[in-house]
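Peer 1: Please read through the structure below; I'll follow up with questions.
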Amino acid sequence: MDHIARYEEWLAAAELTADERARLIAMTEEEKKESFWAPLEFGTAGMRGIIDLGVNRMNRFTVGRATKGLADYVCSLGEDAKKRGVVIARDTRRKSDEFAVLTAKILAANGIRVYLFEDVRPVPMCSFAIRKLGAEAGVMITASHNPKVYNGYKVYGADGAQMSPESTDKVVEFIDKTPYFGIKMLDADFTAESIKGLDNVEVAPFVTVIGEFVDREYFAAVESLGLSPDAVKGFGGKVKIVYTPVHGTGYMPVTKVLAHMGISVTVVPEQAKPDTEFSTVRVPNPEEADTLALGVKLADEIGSDVVIGTDPDADRMGVAIRDDKGKFVLLNGNQIGSLMTEYILRRRKESGTLPGNGAIVKTIVTTELARKIADSYGVTTFDVLTGFKYIGEKIKEWETSGEYVYLFGFEESYGSLAGTHARDKDAVAAAMIFAEMICYYDSVHASLWTVLQELYKKFGFFAERSASVAFGGVDGMDKMRGIMKKLRETEFDAICGTRVEATSDLVAGVKRYVDGREEPTGLPATNALKLHLAGGDWICARPSGTEPKLKFYAAASAPCGACAEGRAQEYLAFMKKFAE
């Protein structure tokens, strides 16, 4: 079926409201093509797209179809899976409340127990609730840090991690058999507004609203991760930390955890309340300097040295700190993760709780500085594919085997997990650890900037750079496939004067050295290519798993910061030419 036929089918649907039909009629030919050329892809990260009508957009019909597919999958697992149920959480985006209630009513109509949060909650609390309640699955309505016109539908398995590829494939089989219209829903009149403030209350058959009783246990789990209680007691009330939830779900959990621990925090007032339009920022992404600009302004006014920000679903944390000249600088995800790795391992060693079989986990595009730090403490580092579910898999593996003790995991894209209470990125726990870390370094008269520079002096300067090239439109995916094919067919001898020593093709699962040797990567198959350069430098290219973008990564290390930065930028510029 072509996009015009799909469009006509939707236009004729009896379930459309007058406004929805008017929107379809008003679409330009280009909008029809973009909205109906192909269904939104449903993968291990769920689905994500622009909010509008059409099979390639996020709307009540695409969400309903995905939910019916998930419901059929849960039902296929048997009555026990239906009784275990599905946890549903949502962020502060446009239509998140509508999509969450819709999801609950469709699951309940299929006899599946639903645990619906009474108000907005972040990703880690959804993951925690799945594990706490023994649910079979979970749904998080969110588009993370994407622009306001996006929303998404993220699905979790029983372990609280994003659903496995095998289970996702089965869900997709059911989705593919499901029409967009005529999906049965529970006939109940509860709304996102009517359930606010409820806790452990059944508001309709199979639908239980959850709130405070789950929150309390989550907060206790996060606070138990603390490593420096004496420093917090002595300096928690004296530190000046500025925090912004960027209109998202982080406000309640972050402020409650820090307040209970006795750590002083000042919230950016303009960004404290939920706002579907994220009206104070260009994009709700704390990785961006302008997103933290109001926080930096407030920090200058009150004399703070640190600004912490979380994205709308509070699974990623951005940080700005003062350098040695007193100027605020934005840390990247690799620097944040490295500082947290050093702190966690340092405090574990000082307190005598560092296990002999301790391990950290990072992704294949995350800084090698973390490995250097871990090595210095006798801790093993494991590399996994991008996607936090792979870090979650390592936790699950070691809980069963006992071979290693998980200490920390992070990725360059600003996500991390301290502890094993959840199986996805947790910016609430990250904010707590970071705030505690400030108290600790204050107690030993050190600044975060100084600590970071000491790591560079000890292990060398590491610079990592990345860039995303967007490929919108009907032929976007074909263009990305063509570029990846060209990269695989190119024989690289040297890049910007640095010798290429090996190439890892993650589709084939093979690392090929220039001398002809081959060895398995030991990683699951995925569409990525990594070039290993002399001196430990590397370059990687991969299509995004959640957006129509091709991502390039480049990393370099050197005795001086400018040298490492310059070389990483050169590598990145070289690779970006393939997308021109």
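In the structure tokens, chains take the letters A, B, ... in the order shown, each chain's residues start at 1, and ligands count up from 1 in the order shown.
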Mind checking which residues fall within 10 Å of region 399-404 of chain A, counting only C-alpha atoms, ignoring those fewer than 5 positions away in the same chain, and posting them as number ranges by chain?
Peer 2: A: 355-360, 379-380, 393-394, 420
Peer 1: For Ile263 (chain A), list every protein, DNA or RNA residue within 7 Å, evaluated using only C-alpha atoms, and leave out those in the same chain fewer than 5 positions away; present the list as a ChimeraX atom specification.
Peer 2: /A:232,236-237,258
Peer 1: Using only C-alpha atoms, which protein or nucleic acid residues come within 7 Å of Leu40 (chain A)? Drop anything in the same chain fewer than 3 positions from it, and give the result as an mmCIF file with N, CA, C and O atoms, in the first residue's frame.
Peer 2:
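Full text of result-v8.cif as output:
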data_model
loop_
_atom_site.group_PDB
_atom_site.id
_atom_site.type_symbol
_atom_site.label_atom_id
_atom_site.label_comp_id
_atom_site.auth_asym_id
_atom_site.auth_seq_id
_atom_site.Cartn_x
_atom_site.Cartn_y
_atom_site.Cartn_z
ATOM 1 N N MET A 47 9.135 3.127 20.027
ATOM 2 C CA MET A 47 8.974 3.980 18.850
ATOM 3 C C MET A 47 8.971 5.437 19.288
ATOM 4 O O MET A 47 8.628 5.767 20.421
ATOM 5 N N VAL A 55 0.541 7.162 9.808
ATOM 6 C CA VAL A 55 1.176 5.939 10.289
ATOM 7 C C VAL A 55 2.626 6.173 10.695
ATOM 8 O O VAL A 55 3.190 5.377 11.446
ATOM 9 N N ASN A 56 3.219 7.258 10.215
ATOM 10 C CA ASN A 56 4.608 7.568 10.546
ATOM 11 C C ASN A 56 4.703 8.655 11.619
ATOM 12 O O ASN A 56 5.712 9.334 11.741
ATOM 13 N N ARG A 57 3.637 8.795 12.387
ATOM 14 C CA ARG A 57 3.579 9.847 13.401
ATOM 15 C C ARG A 57 3.066 9.267 14.722
ATOM 16 O O ARG A 57 2.508 8.177 14.770
#
Peer 1: Just give me the gap between CA of Val222 (chain A) and CA of Val254 (chain A) in Å, one decimal is fine.
Peer 2: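 Between CA of Val222 (chain A) and CA of Val254 (chain A) the gap works out to 10.2 Å.
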Peer 1: Would you pick out the contacts of Ala89 (chain A) at 7 Å or less, using only C-alpha atoms, so that residues sharing its chain but fewer than 3 positions from it are not included, and give the list as a ChimeraX atom specification?
Peer 2: /A:100,116-117,120-121,126,139-141
Peer 1: A:Val214, A:Val514, A:Ala45, A:Ile112: which is nearest Tyr153 (chain A), counting only C-alpha atoms?
Peer 2: A:Ala45
Peer 1: With a distance cut-off of 10 Å and only C-alpha atoms, select the neighbouring residues of Glu580 (chain A), excluding the residue or stretch itself and same-chain residues fewer than 2 positions from it, and output the selection as a VMD selection string.
Peer 2: chain A and resid 469 483 575 to 578
